[in-house]
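Written out below as structure tokens is the structure these notes cover.
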Amino acid sequence: MLSGQNNIGEIMKNKLFLDLAESTFKNNGYKLEESIKNDIKTSFFAVDEEKKKYLKRDVGQYFTICFKDNVLNNYPKTIKKEIIKVLRHFKKAIPNYGTTLIIGLGNSSILCDSLGPKTTNKVIATNQYVDFLTIPKVALFVPEVIGKTGISSFALIKMLVNSLKPSSIIVIDSLATNNPKNLNRCIEISDTGIIPGSAIKTNRKISFKTFNIPLISIGVPVVIDINKRMYSSLNIEEEINKLSDIIASSLNELFLK
């Protein structure tokens, strides 16, 4: 069952890549690479310059991890293992030195836009431990939204990146979907970037091109777009808590084990 969201404010227009695949791929010969293990389906698609023109998506790699209620509720560790597997795939191209900046986008005051802040607040920061050279450096930042700070998320992130000079960035945000079966049941991981508060025209995309820093984005479709009106599930708080636990635990294990 869905619940209408009237006070969405800056909530995203960033859409799940899988929606695009499901709606257009059959007509043009494109095909997702898919694997199924432990009731988890992981899809992969690489957008090159030719596909970019047709799909209107940036060049890069898109992974989508999909699962059913039973897996989320009873076997969250299997989802975590798949997330870590995908993150390690991307980290192969990222330097092991320097600080990884993890950014939680969204509005912590609105449930369906709180995935980024909730997840980031559960990740362990290590950038402050300057005497422990063997510990990977992880810094955390939750910029919130312009309605709370008076400053765009992008502007705040730009200032922090210029000061911290991280070697890589991981961005976590809520997404939208057009397909009810994908709602709260997919995790998208890509290296193509994301627009914070994409309804705000002054915000720019955070990507490798923006700061010339390797970037990984992690998103979950927590609202469904029906006739330009956003809806979330009635149990959205419970869903967000579970998903943020899994993603944060994955990131902690990625860096600390």
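Ordered as shown in the structure tokens, chains take letters A, B, and onward, while each chain numbers its residues from 1 and ligands are numbered from 1 in the order shown.
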
**Q.** Polymer residues at most 9 Å from range 19-23 of chain A, only C-alpha atoms, same-chain spacing of 2 or more positions, as a list in words
**A.**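 Answer for this query is Lys15, Leu16, Phe17, Phe25, Lys26, Asn27, Tyr30, Lys31, Leu32, Phe45, Leu55, Thr177, Asn178, Asn179 and Asn182 of chain A.
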
Q: Run DSSP on the backbone and give me the residues of range 43-250 of chain A it puts in helix (DSSP H, G or I), as an MDAnalysis selection string.
A: chainID A and resid 49:55 69:74 76:91 111:113 115:120 146:149 153:164 180:182 208:211 236:250

Q.
Residues of range 28-160 of chain A classed as strand (DSSP E or B) by DSSP on the backbone are to be reported as JSON, numbers by chain.
A. {"A": [33, 34, 35, 36, 37, 40, 41, 42, 43, 44, 45, 46, 47, 60, 61, 62, 63, 64, 65, 66, 67, 99, 100, 101, 102, 103, 104, 137, 138, 139, 140, 141]}

Each residue of range 127-203 of chain A with at least one atom at most 12 Å from range 245-257 of chain A should appear once, together with its nearest atom pair and the corresponding distance in Å (one decimal); atoms considered: only C-alpha atoms; ordering: chain, then increasing residue number; output as a tab-separated table.
```
residue	atom	partner	partner_atom	distance
A:Asn127	CA	A:Phe255	CA	11.8
A:Thr134	CA	A:Leu256	CA	10.0
A:Ile135	CA	A:Leu256	CA	7.2
A:Pro136	CA	A:Phe255	CA	6.2
A:Lys137	CA	A:Phe255	CA	8.4
A:Val138	CA	A:Phe255	CA	8.0
A:Ala139	CA	A:Phe255	CA	11.5
A:Leu140	CA	A:Ala248	CA	11.7
A:Ile170	CA	A:Leu251	CA	9.7
A:Val171	CA	A:Leu251	CA	11.6
A:Ile172	CA	A:Ile247	CA	9.2
A:Asp173	CA	A:Ile247	CA	11.3
A:Cys186	CA	A:Ile247	CA	11.8
A:Ile187	CA	A:Ile247	CA	9.0
A:Glu188	CA	A:Ile247	CA	11.2
A:Ile189	CA	A:Ile247	CA	10.9
```

Could you save the residues just selected, with C-alpha atoms, as a short mmCIF file (atom, residue, chain, number, x, y, z; two decimals), in the first residue's frame?
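Result file result29.cif:
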```
data_model
loop_
_atom_site.label_atom_id
_atom_site.label_comp_id
_atom_site.auth_asym_id
_atom_site.auth_seq_id
_atom_site.Cartn_x
_atom_site.Cartn_y
_atom_site.Cartn_z
CA ASN A 127 39.62 10.30 9.19
CA THR A 134 46.94 1.30 8.59
CA ILE A 135 43.29 2.31 9.03
CA PRO A 136 41.58 3.48 5.81
CA LYS A 137 40.57 7.12 6.11
CA VAL A 138 36.81 7.66 5.97
CA ALA A 139 35.17 11.07 6.39
CA LEU A 140 31.41 11.62 6.56
CA ILE A 170 30.78 7.79 -2.22
CA VAL A 171 27.35 9.43 -2.47
CA ILE A 172 24.18 7.91 -0.99
CA ASP A 173 20.73 9.17 -1.97
CA CYS A 186 16.53 -2.47 -5.39
CA ILE A 187 19.91 -0.94 -4.64
CA GLU A 188 21.60 0.83 -7.54
CA ILE A 189 25.37 1.30 -7.52
#
```

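You will find CA of Arg229 in chain A at 22.5 Å from CA of Glu144 in chain A.
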
Q) Counting only C-alpha atoms, which of A:Lys158, A:Lys205, A:Lys68, A:Lys91 gets nearest to Asn184 in chain A? A) A:Lys68
